[in-house]
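Data block for run_22.csv (CSV, C-alpha atoms and all ligand atoms):
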```csv
chain,number,residue,atom,x,y,z
A,58,MET,CA,0.0,0.0,0.0
A,59,ILE,CA,3.1,2.2,0.3
A,60,GLU,CA,2.7,2.4,-3.5
A,61,PHE,CA,-0.5,4.5,-3.5
A,62,GLU,CA,1.1,7.9,-3.2
A,63,GLY,CA,3.8,6.9,-5.8
A,64,ILE,CA,1.0,6.0,-8.3
A,65,TYR,CA,-1.7,8.6,-7.6
A,66,GLY,CA,0.4,11.5,-6.4
A,67,ARG,CA,-1.3,11.9,-3.0
A,68,PRO,CA,-1.9,9.7,0.1
A,69,ALA,CA,-4.8,7.4,0.3
A,70,ALA,CA,-7.7,8.4,2.5
A,71,GLY,CA,-7.6,5.0,4.1
A,72,VAL,CA,-6.9,1.3,3.5
A,73,TRP,CA,-9.6,-1.3,3.9
A,74,ALA,CA,-9.3,-5.1,3.9
A,75,ALA,CA,-11.5,-8.2,3.6
A,76,PRO,CA,-10.5,-11.8,3.9
A,77,GLY,CA,-10.8,-14.9,1.7
A,78,ARG,CA,-12.6,-17.9,3.2
A,79,VAL,CA,-12.7,-21.6,3.5
A,80,ASN,CA,-15.9,-23.4,4.2
A,81,LEU,CA,-15.6,-26.0,6.9
A,82,ILE,CA,-18.8,-27.7,5.8
A,83,GLY,CA,-22.1,-26.9,4.1
A,84,GLU,CA,-21.4,-26.9,0.3
A,85,HIS,CA,-24.0,-25.8,-2.3
A,86,THR,CA,-26.5,-25.4,0.5
A,87,ASP,CA,-26.4,-21.6,0.5
A,88,TYR,CA,-28.6,-21.2,-2.6
A,89,ASN,CA,-31.0,-23.8,-1.2
A,90,ASP,CA,-31.9,-21.7,1.9
A,91,GLY,CA,-29.7,-24.0,3.9
A,92,PHE,CA,-26.8,-23.8,6.4
A,93,VAL,CA,-23.1,-23.1,5.9
A,94,LEU,CA,-20.1,-23.0,8.3
A,95,PRO,CA,-17.2,-21.0,6.8
A,96,LEU,CA,-14.3,-19.2,8.4
A,97,ALA,CA,-12.5,-16.0,7.3
A,98,LEU,CA,-8.9,-16.6,6.4
A,99,ASP,CA,-5.8,-14.6,7.4
A,100,ARG,CA,-5.3,-13.9,3.7
A,101,ARG,CA,-6.9,-10.7,2.7
A,102,THR,CA,-7.5,-8.3,-0.2
A,103,LEU,CA,-6.4,-4.7,0.6
A,104,VAL,CA,-7.9,-1.7,-1.0
A,105,ALA,CA,-6.4,1.8,-0.6
A,106,ALA,CA,-8.7,4.6,-1.8
A,107,ALA,CA,-8.9,8.3,-2.1
A,108,PRO,CA,-11.8,10.4,-3.7
A,109,ALA,CA,-11.2,11.4,-7.3
A,110,ASP,CA,-13.0,12.9,-10.4
A,111,ARG,CA,-13.6,9.5,-12.0
A,112,THR,CA,-12.8,6.0,-10.7
A,113,THR,CA,-9.5,4.4,-11.6
A,114,VAL,CA,-8.7,0.9,-10.3
A,115,ARG,CA,-5.2,-0.5,-10.3
A,116,SER,CA,-4.0,-3.8,-9.0
A,117,SER,CA,-0.6,-5.0,-8.1
A,118,ARG,CA,-1.6,-8.2,-10.0
A,119,GLU,CA,-2.8,-6.5,-13.2
A,120,ALA,CA,-1.0,-4.5,-15.9
A,121,GLU,CA,-4.0,-2.4,-17.0
A,122,ALA,CA,-5.9,0.1,-15.0
A,123,VAL,CA,-9.8,0.0,-15.1
A,124,VAL,CA,-11.6,3.3,-15.5
A,125,PHE,CA,-15.3,4.1,-15.0
A,126,GLU,CA,-17.7,6.7,-13.7
A,127,ALA,CA,-19.4,5.9,-10.4
A,128,ALA,CA,-22.6,7.8,-11.3
A,129,THR,CA,-23.3,5.9,-14.5
A,130,VAL,CA,-21.4,2.5,-14.6
A,131,ALA,CA,-23.8,-0.3,-15.5
A,132,PRO,CA,-23.5,-4.1,-16.1
A,133,GLY,CA,-21.6,-4.8,-19.2
A,134,ASP,CA,-19.5,-1.6,-19.0
A,135,VAL,CA,-16.6,-3.3,-17.1
A,136,THR,CA,-15.6,-6.9,-17.5
A,137,GLY,CA,-12.8,-9.0,-16.0
A,138,TRP,CA,-11.3,-8.4,-12.5
A,139,GLY,CA,-12.4,-4.7,-12.5
A,140,SER,CA,-16.1,-5.8,-12.6
A,141,TYR,CA,-15.9,-6.9,-9.0
A,142,VAL,CA,-15.1,-3.3,-8.1
A,143,ALA,CA,-17.5,-1.6,-10.5
A,144,GLY,CA,-20.2,-4.1,-9.5
A,145,VAL,CA,-20.1,-3.0,-5.9
A,146,VAL,CA,-20.4,0.7,-6.9
A,147,TRP,CA,-23.3,-0.1,-9.1
A,148,ALA,CA,-25.0,-2.2,-6.4
A,149,PHE,CA,-24.7,0.7,-4.0
A,150,ARG,CA,-26.4,3.0,-6.5
A,151,GLU,CA,-29.1,0.4,-7.2
A,152,ALA,CA,-29.8,0.3,-3.5
A,153,GLY,CA,-30.2,4.1,-3.3
A,154,ARG,CA,-26.9,4.6,-1.4
A,155,PRO,CA,-24.6,7.4,-2.3
A,156,VAL,CA,-21.5,6.6,-4.3
A,157,LEU,CA,-18.4,8.6,-5.2
A,158,ASP,CA,-15.5,8.3,-7.6
A,159,LEU,CA,-12.3,7.0,-6.2
A,160,ASP,CA,-8.7,6.2,-7.1
A,161,LEU,CA,-8.2,2.7,-5.9
A,162,LEU,CA,-5.2,0.4,-5.5
A,163,VAL,CA,-5.8,-3.3,-4.9
A,164,GLU,CA,-3.4,-5.7,-3.4
A,165,GLY,CA,-3.6,-9.0,-1.5
A,166,ASP,CA,-2.6,-12.5,-0.8
A,167,VAL,CA,-5.8,-14.5,-1.4
A,168,PRO,CA,-4.9,-16.9,-4.2
A,169,VAL,CA,-7.0,-16.2,-7.3
A,170,GLY,CA,-8.9,-19.1,-8.8
A,171,ALA,CA,-8.3,-21.4,-5.9
A,172,GLY,CA,-11.8,-21.5,-4.6
A,173,LEU,CA,-10.9,-19.3,-1.6
A,174,SER,CA,-13.3,-16.4,-2.6
A,175,SER,CA,-10.8,-13.8,-3.7
A,176,SER,CA,-13.6,-12.2,-5.6
A,177,ALA,CA,-15.8,-11.8,-2.5
A,178,SER,CA,-12.9,-10.5,-0.6
A,179,LEU,CA,-12.3,-7.8,-3.2
A,180,GLU,CA,-16.1,-6.9,-3.3
A,181,CYS,CA,-16.3,-6.7,0.5
A,182,ALA,CA,-13.1,-4.6,0.8
A,183,VAL,CA,-14.5,-2.2,-1.7
A,184,ALA,CA,-17.9,-2.2,0.0
A,185,VAL,CA,-16.5,-1.2,3.4
A,186,ALA,CA,-14.3,1.4,1.8
A,187,LEU,CA,-17.2,2.9,-0.1
A,188,ALA,CA,-19.5,2.8,2.9
A,189,GLU,CA,-17.0,4.7,5.1
A,190,LEU,CA,-16.0,7.2,2.5
A,191,THR,CA,-19.6,8.1,1.7
A,192,GLY,CA,-20.4,8.4,5.5
A,193,THR,CA,-23.0,5.6,5.5
A,194,PRO,CA,-23.1,2.9,8.1
A,195,VAL,CA,-20.9,-0.2,7.8
A,196,GLU,CA,-23.5,-2.8,8.6
A,197,ARG,CA,-22.2,-6.2,7.9
A,198,THR,CA,-25.2,-8.1,6.5
A,199,PRO,CA,-26.5,-5.3,4.2
A,200,LEU,CA,-23.0,-4.8,2.8
A,201,ALA,CA,-22.6,-8.5,2.2
A,202,ARG,CA,-25.9,-8.4,0.3
A,203,LEU,CA,-24.7,-5.6,-1.9
A,204,ALA,CA,-21.4,-7.4,-2.6
A,205,ARG,CA,-23.4,-10.5,-3.6
A,206,ARG,CA,-25.6,-8.4,-5.8
A,207,ALA,CA,-22.4,-7.2,-7.6
A,208,GLU,CA,-21.3,-10.8,-8.1
A,209,ASN,CA,-24.7,-12.1,-9.3
A,210,ASP,CA,-26.0,-9.2,-11.4
A,211,PHE,CA,-22.9,-7.3,-12.5
A,212,VAL,CA,-20.2,-9.9,-12.8
A,213,GLY,CA,-22.8,-12.5,-13.8
A,214,ALA,CA,-21.8,-15.4,-11.5
A,215,PRO,CA,-24.9,-17.0,-10.0
A,216,THR,CA,-23.5,-17.7,-6.6
A,217,GLY,CA,-25.2,-17.9,-3.2
A,218,GLY,CA,-24.4,-15.5,-0.4
A,219,MET,CA,-21.9,-17.5,1.7
A,220,ASP,CA,-18.6,-16.0,0.6
A,221,GLN,CA,-19.6,-12.4,1.1
A,222,MET,CA,-21.2,-13.2,4.5
A,223,ALA,CA,-18.0,-15.0,5.6
A,224,ALA,CA,-15.8,-12.1,4.5
A,225,MET,CA,-18.0,-9.6,6.4
A,226,HIS,CA,-18.8,-11.6,9.5
A,227,GLY,CA,-15.6,-13.6,10.0
A,228,ALA,CA,-13.9,-13.3,13.5
A,229,ALA,CA,-10.6,-14.5,14.9
A,230,GLY,CA,-10.8,-18.0,16.3
A,231,ARG,CA,-14.4,-18.4,15.2
A,232,LEU,CA,-16.5,-20.2,12.5
A,233,VAL,CA,-19.4,-18.2,11.0
A,234,PHE,CA,-22.5,-20.4,11.3
A,235,LEU,CA,-25.0,-18.9,8.8
A,236,ASP,CA,-28.6,-19.7,8.2
A,237,THR,CA,-28.9,-18.5,4.6
A,238,ARG,CA,-32.7,-18.2,4.8
A,239,THR,CA,-32.9,-15.9,7.8
A,240,GLU,CA,-29.4,-14.5,7.3
A,241,GLU,CA,-28.8,-15.0,11.0
A,242,THR,CA,-25.2,-15.6,12.0
A,243,GLU,CA,-23.7,-17.1,15.0
A,244,LEU,CA,-19.9,-17.2,15.7
A,245,ILE,CA,-18.8,-20.6,16.9
A,246,PRO,CA,-15.5,-20.9,18.8
A,247,PHE,CA,-13.0,-23.0,16.8
A,248,ASP,CA,-9.8,-23.1,18.7
A,249,LEU,CA,-8.0,-26.0,17.0
A,250,PRO,CA,-4.5,-25.3,18.4
A,251,ALA,CA,-6.0,-25.7,21.9
A,252,HIS,CA,-6.8,-29.3,21.0
A,253,GLY,CA,-3.4,-30.0,19.2
A,254,LEU,CA,-5.2,-29.8,15.9
A,255,ALA,CA,-4.9,-27.8,12.7
A,256,LEU,CA,-7.0,-27.2,9.6
A,257,LEU,CA,-4.7,-27.9,6.6
A,258,VAL,CA,-5.7,-26.3,3.3
A,259,VAL,CA,-4.3,-28.0,0.2
A,260,ASP,CA,-4.7,-25.8,-3.0
A,261,THR,CA,-4.8,-28.6,-5.6
A,262,ARG,CA,-4.1,-26.1,-8.4
A,263,ALA,CA,-6.7,-27.9,-10.5
A,264,PRO,CA,-8.3,-25.2,-12.7
A,265,HIS,CA,-11.5,-23.9,-11.2
A,266,GLN,CA,-14.0,-21.5,-12.7
A,267,LEU,CA,-17.4,-20.4,-11.3
A,268,VAL,CA,-18.7,-18.4,-14.2
A,269,ASP,CA,-18.8,-21.6,-16.3
A,270,GLY,CA,-21.9,-23.6,-16.7
A,271,GLN,CA,-21.6,-26.4,-14.1
A,272,TYR,CA,-22.4,-24.3,-11.1
A,273,GLY,CA,-25.5,-22.9,-12.8
A,274,GLU,CA,-26.6,-26.4,-13.8
A,275,ARG,CA,-26.4,-27.6,-10.2
A,276,ARG,CA,-28.5,-24.6,-9.1
A,277,ARG,CA,-31.1,-25.4,-11.7
A,278,ASP,CA,-31.2,-29.1,-10.7
A,279,CYS,CA,-31.7,-28.1,-7.1
A,280,ALA,CA,-34.5,-25.6,-8.0
A,281,GLU,CA,-36.2,-28.3,-10.2
A,282,ALA,CA,-35.9,-30.9,-7.4
A,283,ALA,CA,-37.5,-28.5,-4.9
A,284,ALA,CA,-40.3,-27.7,-7.4
A,285,ARG,CA,-41.0,-31.4,-7.9
A,286,LEU,CA,-41.1,-32.0,-4.1
A,287,GLY,CA,-43.4,-29.0,-3.7
A,288,VAL,CA,-41.2,-27.2,-1.2
A,289,PRO,CA,-40.0,-23.6,-1.3
A,290,ALA,CA,-36.3,-24.8,-1.2
A,291,LEU,CA,-34.4,-28.0,-0.6
A,292,ARG,CA,-33.8,-26.8,3.0
A,293,ASP,CA,-37.5,-27.8,3.5
A,294,ALA,CA,-37.3,-31.3,2.0
A,295,THR,CA,-37.0,-34.5,4.0
A,296,LEU,CA,-34.6,-37.3,3.0
A,297,ALA,CA,-37.5,-39.7,2.8
A,298,ALA,CA,-39.3,-37.5,0.2
A,299,VAL,CA,-36.1,-37.0,-1.7
A,300,GLU,CA,-35.6,-40.8,-2.0
A,301,GLU,CA,-39.0,-40.9,-3.8
A,302,LEU,CA,-37.9,-38.6,-6.6
A,303,ALA,CA,-38.2,-40.6,-9.8
A,304,ASP,CA,-35.4,-38.8,-11.7
A,305,GLU,CA,-32.1,-40.2,-10.6
A,306,ARG,CA,-30.0,-37.1,-11.2
A,307,LEU,CA,-32.3,-34.9,-9.3
A,308,ARG,CA,-32.6,-37.4,-6.5
A,309,ARG,CA,-28.8,-37.5,-6.1
A,310,ARG,CA,-28.4,-33.7,-6.2
A,311,ALA,CA,-31.2,-33.2,-3.6
A,312,ARG,CA,-29.8,-35.9,-1.4
A,313,HIS,CA,-26.5,-34.1,-1.2
A,314,VAL,CA,-28.1,-30.9,-0.2
A,315,VAL,CA,-30.5,-32.4,2.4
A,316,THR,CA,-27.8,-34.6,4.0
A,317,GLU,CA,-25.2,-31.7,3.9
A,318,ASP,CA,-27.6,-29.5,5.8
A,319,GLU,CA,-27.9,-32.3,8.4
A,320,ARG,CA,-24.1,-32.6,8.6
A,321,VAL,CA,-23.7,-28.8,9.2
A,322,LEU,CA,-26.2,-28.9,12.0
A,323,GLU,CA,-24.4,-31.9,13.5
A,324,VAL,CA,-21.0,-30.3,13.4
A,325,VAL,CA,-22.4,-27.1,14.9
A,326,GLY,CA,-24.1,-29.1,17.7
A,327,ARG,CA,-20.9,-30.9,18.5
A,328,LEU,CA,-18.8,-27.8,18.5
A,329,ARG,CA,-21.3,-25.8,20.6
A,330,ALA,CA,-21.4,-28.7,23.1
A,331,GLY,CA,-17.6,-28.4,23.4
A,332,GLU,CA,-16.9,-31.8,22.0
A,333,ASP,CA,-13.4,-32.8,20.8
A,334,PRO,CA,-13.2,-31.4,17.3
A,335,ARG,CA,-11.7,-34.7,16.2
A,336,GLU,CA,-15.3,-36.0,16.4
A,337,ILE,CA,-16.3,-33.9,13.4
A,338,GLY,CA,-13.7,-35.5,11.1
A,339,PRO,CA,-16.0,-38.3,9.8
A,340,LEU,CA,-18.7,-35.7,8.9
A,341,LEU,CA,-16.2,-33.8,6.8
A,342,THR,CA,-15.3,-36.9,5.0
A,343,ALA,CA,-18.9,-37.8,4.5
A,344,SER,CA,-19.4,-34.4,3.0
A,345,HIS,CA,-16.7,-35.1,0.5
A,346,GLU,CA,-18.2,-38.4,-0.5
A,347,SER,CA,-21.6,-36.8,-1.0
A,348,MET,CA,-20.1,-34.1,-3.2
A,349,ARG,CA,-18.2,-36.8,-5.2
A,350,ASP,CA,-21.0,-39.4,-5.5
A,351,ASP,CA,-24.3,-37.4,-5.4
A,352,PHE,CA,-23.5,-33.9,-6.4
A,353,ALA,CA,-20.8,-34.8,-8.8
A,354,ILE,CA,-18.6,-31.7,-8.4
A,355,THR,CA,-15.3,-33.2,-7.5
A,356,VAL,CA,-12.4,-33.9,-9.9
A,357,PRO,CA,-9.5,-36.3,-9.7
A,358,HIS,CA,-7.1,-33.7,-8.2
A,359,VAL,CA,-9.4,-33.1,-5.3
A,360,ASP,CA,-10.4,-36.8,-4.8
A,361,VAL,CA,-6.8,-37.8,-4.7
A,362,ALA,CA,-5.9,-35.0,-2.3
A,363,ALA,CA,-8.7,-35.9,0.1
A,364,GLU,CA,-7.9,-39.7,0.0
A,365,VAL,CA,-4.2,-39.1,0.6
A,366,CYS,CA,-4.9,-36.8,3.5
A,367,LEU,CA,-7.0,-39.5,5.1
A,368,ARG,CA,-4.5,-42.2,4.5
A,369,ALA,CA,-1.7,-40.0,6.0
A,370,GLY,CA,-3.7,-39.6,9.2
A,371,ALA,CA,-6.2,-36.8,8.8
A,372,HIS,CA,-9.3,-37.1,11.0
A,373,GLY,CA,-11.5,-35.9,8.1
A,374,ALA,CA,-11.0,-34.3,4.6
A,375,ARG,CA,-13.1,-32.7,2.0
A,376,MET,CA,-13.1,-30.4,-0.9
A,377,THR,CA,-14.2,-26.9,0.0
A,378,GLY,CA,-15.9,-24.3,-2.2
A,379,GLY,CA,-17.8,-24.5,-5.4
A,380,GLY,CA,-16.1,-27.5,-6.8
A,381,PHE,CA,-14.4,-28.7,-10.0
A,382,GLY,CA,-11.0,-28.0,-8.5
A,383,GLY,CA,-9.9,-25.6,-5.8
A,384,CYS,CA,-8.9,-26.6,-2.3
A,385,VAL,CA,-9.2,-29.6,0.0
A,386,ILE,CA,-9.3,-29.1,3.7
A,387,ALA,CA,-8.1,-31.7,6.2
A,388,LEU,CA,-8.4,-31.8,10.0
A,389,VAL,CA,-5.0,-33.0,11.2
A,390,GLU,CA,-3.0,-33.3,14.4
A,391,THR,CA,-0.6,-30.3,14.6
A,392,ASP,CA,2.3,-32.7,14.2
A,393,ASP,CA,0.8,-34.1,11.0
A,394,VAL,CA,0.6,-30.8,9.1
A,395,ASP,CA,3.9,-31.3,7.3
A,396,PRO,CA,3.7,-35.1,6.7
A,397,VAL,CA,0.1,-34.9,5.3
A,398,GLY,CA,1.0,-32.0,3.0
A,399,GLU,CA,4.1,-33.9,1.9
A,400,ALA,CA,2.1,-37.1,1.2
A,401,VAL,CA,-0.3,-35.1,-1.1
A,402,ALA,CA,2.7,-33.6,-2.9
A,403,ALA,CA,4.3,-37.0,-3.4
A,404,ALA,CA,1.0,-38.5,-4.7
A,405,TYR,CA,0.8,-35.5,-7.2
A,406,ALA,CA,4.4,-36.0,-8.3
A,407,GLU,CA,3.8,-39.7,-9.0
A,408,ARG,CA,1.0,-38.7,-11.3
A,409,GLY,CA,3.0,-36.0,-13.0
A,410,TRP,CA,0.6,-33.2,-11.7
A,411,GLU,CA,1.7,-29.7,-10.8
A,412,ALA,CA,2.7,-29.5,-7.1
A,413,PRO,CA,-0.1,-28.6,-4.7
A,414,VAL,CA,0.3,-25.7,-2.2
A,415,ALA,CA,-0.5,-26.4,1.4
A,416,PHE,CA,-1.1,-23.9,4.3
A,417,THR,CA,-2.9,-23.8,7.6
A,418,ALA,CA,-6.2,-22.0,7.9
A,419,VAL,CA,-6.3,-19.4,10.8
A,420,PRO,CA,-9.8,-18.2,11.5
A,421,SER,CA,-9.5,-14.4,11.2
A,422,ASP,CA,-11.5,-11.1,11.4
A,423,GLY,CA,-13.9,-10.0,8.7
A,424,ALA,CA,-13.8,-6.8,6.5
A,425,GLY,CA,-12.8,-3.5,8.0
A,426,ARG,CA,-10.1,-0.9,8.1
A,427,ALA,CA,-6.7,-2.5,7.5
A,501,LIG,C1,-19.1,-20.8,-4.3
A,501,LIG,C2,-20.3,-19.8,-4.2
A,501,LIG,C3,-21.0,-19.9,-2.9
A,501,LIG,C4,-21.4,-21.4,-2.6
A,501,LIG,C5,-20.2,-22.3,-2.8
A,501,LIG,C6,-20.6,-23.8,-2.7
A,501,LIG,O1,-18.1,-20.5,-3.4
A,501,LIG,O2,-19.8,-18.5,-4.4
A,501,LIG,O3,-22.1,-19.1,-2.9
A,501,LIG,O4,-22.5,-21.8,-3.3
A,501,LIG,O5,-19.6,-22.1,-4.1
A,501,LIG,O6,-20.9,-24.1,-1.4
```
Let me see the file written as structure tokens.
Ligand code: GLA
Amino acid sequence: MIEFEGIYGRPAAGVWAAPGRVNLIGEHTDYNDGFVLPLALDRRTLVAAAPADRTTVRSSREAEAVVFEAATVAPGDVTGWGSYVAGVVWAFREAGRPVLDLDLLVEGDVPVGAGLSSSASLECAVAVALAELTGTPVERTPLARLARRAENDFVGAPTGGMDQMAAMHGAAGRLVFLDTRTEETELIPFDLPAHGLALLVVDTRAPHQLVDGQYGERRRDCAEAAARLGVPALRDATLAAVEELADERLRRRARHVVTEDERVLEVVGRLRAGEDPREIGPLLTASHESMRDDFAITVPHVDVAAEVCLRAGAHGARMTGGGFGGCVIALVETDDVDPVGEAVAAAYAERGWEAPVAFTAVPSDGAGRA
């Protein structure tokens, strides 16, 4: 951020930040009115900003600047990485909030394209910056909603609301338990080091893309299954009713969502009761199997990583995020962090795959002043 003055010729009015996330459990449940349990990472997107005559966005990761007018920018005007910024400005305007033009400098260490919600972190950092600079309240859930609106209706990615809510509500040492129907959140203590445990994140480096068709197809299947079951959303369906669905594909998709909601609630119940976190391991693994066998969103890179983690001693392992690549998380003994990561690296090397990148997830605070 030291760069801002060198680039724009005056100091920034402030620096704001928002984190990436991993989801502990509750995958593809957020657009089915269900439950999710993400945590905000200690990897963040930083946005330095100062009022200007028109908006210019520069990023340490991109060669070209993006330029637009806050008062008029509309969907289609800005594409690519700059659309996450322009989308938030547009969403503010659409909601009747004031906007202003800014010089912006974006930096950060959330890996892009790894399923860790770098896009939501950028949207949320811009949202808190814009709210503060326009003198409007920084209310977490309304700002998360605006950030999601940017993603859905400006960028054009049909996601649910988990990522933006995690980026806004995250807290150090806590999981964010979110009921996506009521938008109620509860922070659940998640102090793994106190139990001699760690949450290992393995970035499989398998290509991952949300704007492509598969995510939208899963959404449509879920909506169709809910319609056939006569319920407002799959959150309201029972497993018994789902098992009666005649269409096999819809039955499998719905079964994943219904059983995943149950698993989230069971994990929350166990953690709230202060049980040993090792007890949730099998639920994480069951979530992976459900995503692999019923929801059909895993790929060989993530299946191999999850299997190898378990064989190397993890208590549970699952893909996290939208799917078709991205990251695997594994609940491991602190002493096993390195050996488990090395086992996955060895398995990848054997197959001639690009080396994975492993790190430990540290539950961290949500968006705000950096
Ligand atoms: C992506 C979306 C989220 C959610 C997950 C799957 O991360 O952005 O809204 O649907 O996939 O759980």
Show me which residues sit within 7 Å of ligand LIG 501 (chain A) when counting all atoms listed in the file, and put them as a list in words.
Gly83, Glu84, His85, Thr86, Asp87, Tyr88, Gly172, Ser174, Thr216, Gly217, Gly218, Met219, Asp220, Gly378, Gly379 and Gly380 of chain A
Take the residues from that selection and write them out as a PDB file, in the frame of the given file, keeping C-alpha atoms.
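The resulting file, out_21.pdb, is reproduced below:
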```
ATOM      1  CA  GLY A  83     -22.100 -26.900   4.100  1.00  0.00           C
ATOM      2  CA  GLU A  84     -21.400 -26.900   0.300  1.00  0.00           C
ATOM      3  CA  HIS A  85     -24.000 -25.800  -2.300  1.00  0.00           C
ATOM      4  CA  THR A  86     -26.500 -25.400   0.500  1.00  0.00           C
ATOM      5  CA  ASP A  87     -26.400 -21.600   0.500  1.00  0.00           C
ATOM      6  CA  TYR A  88     -28.600 -21.200  -2.600  1.00  0.00           C
ATOM      7  CA  GLY A 172     -11.800 -21.500  -4.600  1.00  0.00           C
ATOM      8  CA  SER A 174     -13.300 -16.400  -2.600  1.00  0.00           C
ATOM      9  CA  THR A 216     -23.500 -17.700  -6.600  1.00  0.00           C
ATOM     10  CA  GLY A 217     -25.200 -17.900  -3.200  1.00  0.00           C
ATOM     11  CA  GLY A 218     -24.400 -15.500  -0.400  1.00  0.00           C
ATOM     12  CA  MET A 219     -21.900 -17.500   1.700  1.00  0.00           C
ATOM     13  CA  ASP A 220     -18.600 -16.000   0.600  1.00  0.00           C
ATOM     14  CA  GLY A 378     -15.900 -24.300  -2.200  1.00  0.00           C
ATOM     15  CA  GLY A 379     -17.800 -24.500  -5.400  1.00  0.00           C
ATOM     16  CA  GLY A 380     -16.100 -27.500  -6.800  1.00  0.00           C
TER      17      GLY A 380
END
```
Would you be able to write out as JSON, numbers by chain which residues have an atom within 10 Å of (-28.5, -35.1, -3.3) in the file's coordinates, counting only C-alpha atoms?
{"A": [278, 279, 282, 291, 296, 299, 300, 305, 306, 307, 308, 309, 310, 311, 312, 313, 314, 315, 316, 317, 347, 348, 350, 351, 352, 353]}
Just to be explicit: take each residue in the selection above, keep C-alpha atoms, and write the result as an mmCIF file, keeping the file's coordinate frame.
```cif
data_model
loop_
_atom_site.group_PDB
_atom_site.id
_atom_site.type_symbol
_atom_site.label_atom_id
_atom_site.label_comp_id
_atom_site.auth_asym_id
_atom_site.auth_seq_id
_atom_site.Cartn_x
_atom_site.Cartn_y
_atom_site.Cartn_z
ATOM 1 C CA ASP A 278 -31.200 -29.100 -10.700
ATOM 2 C CA CYS A 279 -31.700 -28.100 -7.100
ATOM 3 C CA ALA A 282 -35.900 -30.900 -7.400
ATOM 4 C CA LEU A 291 -34.400 -28.000 -0.600
ATOM 5 C CA LEU A 296 -34.600 -37.300 3.000
ATOM 6 C CA VAL A 299 -36.100 -37.000 -1.700
ATOM 7 C CA GLU A 300 -35.600 -40.800 -2.000
ATOM 8 C CA GLU A 305 -32.100 -40.200 -10.600
ATOM 9 C CA ARG A 306 -30.000 -37.100 -11.200
ATOM 10 C CA LEU A 307 -32.300 -34.900 -9.300
ATOM 11 C CA ARG A 308 -32.600 -37.400 -6.500
ATOM 12 C CA ARG A 309 -28.800 -37.500 -6.100
ATOM 13 C CA ARG A 310 -28.400 -33.700 -6.200
ATOM 14 C CA ALA A 311 -31.200 -33.200 -3.600
ATOM 15 C CA ARG A 312 -29.800 -35.900 -1.400
ATOM 16 C CA HIS A 313 -26.500 -34.100 -1.200
ATOM 17 C CA VAL A 314 -28.100 -30.900 -0.200
ATOM 18 C CA VAL A 315 -30.500 -32.400 2.400
ATOM 19 C CA THR A 316 -27.800 -34.600 4.000
ATOM 20 C CA GLU A 317 -25.200 -31.700 3.900
ATOM 21 C CA SER A 347 -21.600 -36.800 -1.000
ATOM 22 C CA MET A 348 -20.100 -34.100 -3.200
ATOM 23 C CA ASP A 350 -21.000 -39.400 -5.500
ATOM 24 C CA ASP A 351 -24.300 -37.400 -5.400
ATOM 25 C CA PHE A 352 -23.500 -33.900 -6.400
ATOM 26 C CA ALA A 353 -20.800 -34.800 -8.800
#
```
Counting all atoms listed in the file, I want the residues whose atoms come within 6 Å of (-9.0, -36.4, 8.7) in the file frame, returned as a list of chain:residue names.
A:Gly338, A:Leu367, A:Ala371, A:His372, A:Gly373, A:Ala374, A:Ala387, A:Leu388, A:Val389
Output of the above residues as an mmCIF file, keeping the file's coordinate frame, restricted to C-alpha atoms:
```
data_model
loop_
_atom_site.group_PDB
_atom_site.id
_atom_site.type_symbol
_atom_site.label_atom_id
_atom_site.label_comp_id
_atom_site.auth_asym_id
_atom_site.auth_seq_id
_atom_site.Cartn_x
_atom_site.Cartn_y
_atom_site.Cartn_z
ATOM 1 C CA GLY A 338 -13.700 -35.500 11.100
ATOM 2 C CA LEU A 367 -7.000 -39.500 5.100
ATOM 3 C CA ALA A 371 -6.200 -36.800 8.800
ATOM 4 C CA HIS A 372 -9.300 -37.100 11.000
ATOM 5 C CA GLY A 373 -11.500 -35.900 8.100
ATOM 6 C CA ALA A 374 -11.000 -34.300 4.600
ATOM 7 C CA ALA A 387 -8.100 -31.700 6.200
ATOM 8 C CA LEU A 388 -8.400 -31.800 10.000
ATOM 9 C CA VAL A 389 -5.000 -33.000 11.200
#
```
Write out as a list in words which residues come within 8 Å of Ile245 in chain A when counting only C-alpha atoms, dropping same-chain ones fewer than 2 positions away.
Arg231, Leu232, Val233, Phe234, Glu243, Phe247, Val325, Leu328 and Arg329 of chain A
Hey, what's within 7 Å of range 183-193 of chain A if we count only C-alpha atoms and toss same-chain stuff fewer than 3 positions away? As an MDAnalysis selection string, please?
chainID A and resid 73 104 142 145 155:156 179:180 200 204 424:425
How many Å lie between CA of Thr102 in chain A and CA of Thr377 in chain A, rounded to one decimal?
19.8 Å
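Contact shell of Ala290 in chain A at 7 Å (all atoms listed in the file; same-chain neighbours under 6 positions omitted): Asn89, Asp90 and Ala283 of chain A.
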One decimal place gives the CA of His226 in chain A-CA of Glu196 in chain A separation as 10.0 Å
Considering all atoms listed in the file, can you say which of A:Gly63, A:Gly133, A:Gly139, A:Gly326 comes closest to Val114 in chain A?
A:Gly139
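Counting all atoms listed in the file and comparing A:Ala127, A:Pro68, A:Pro76, A:Ala412, the residue that lies closest to Ala224 in chain A is A:Pro76.
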Work out how far CA of Thr242 in chain A is from CA of Glu319 in chain A, in Å to one decimal.
17.3 Å
Residue with the minimum atom-to-atom distance to Asp110 in chain A, picked from A:Ala128, A:Cys366, A:Leu159, A:Leu302 with only C-alpha atoms counted, is A:Leu159
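Every protein, DNA or RNA residue with an atom at most 10 Å from Asp248 in chain A, where all atoms listed in the file count and chain neighbours fewer than 2 positions away do not, is listed here: Ala229, Gly230, Arg231, Leu232, Ile245, Pro246, Pro250, Ala251, His252, Gly253, Leu254, Ala255, Pro334, Val419 and Pro420 of chain A.
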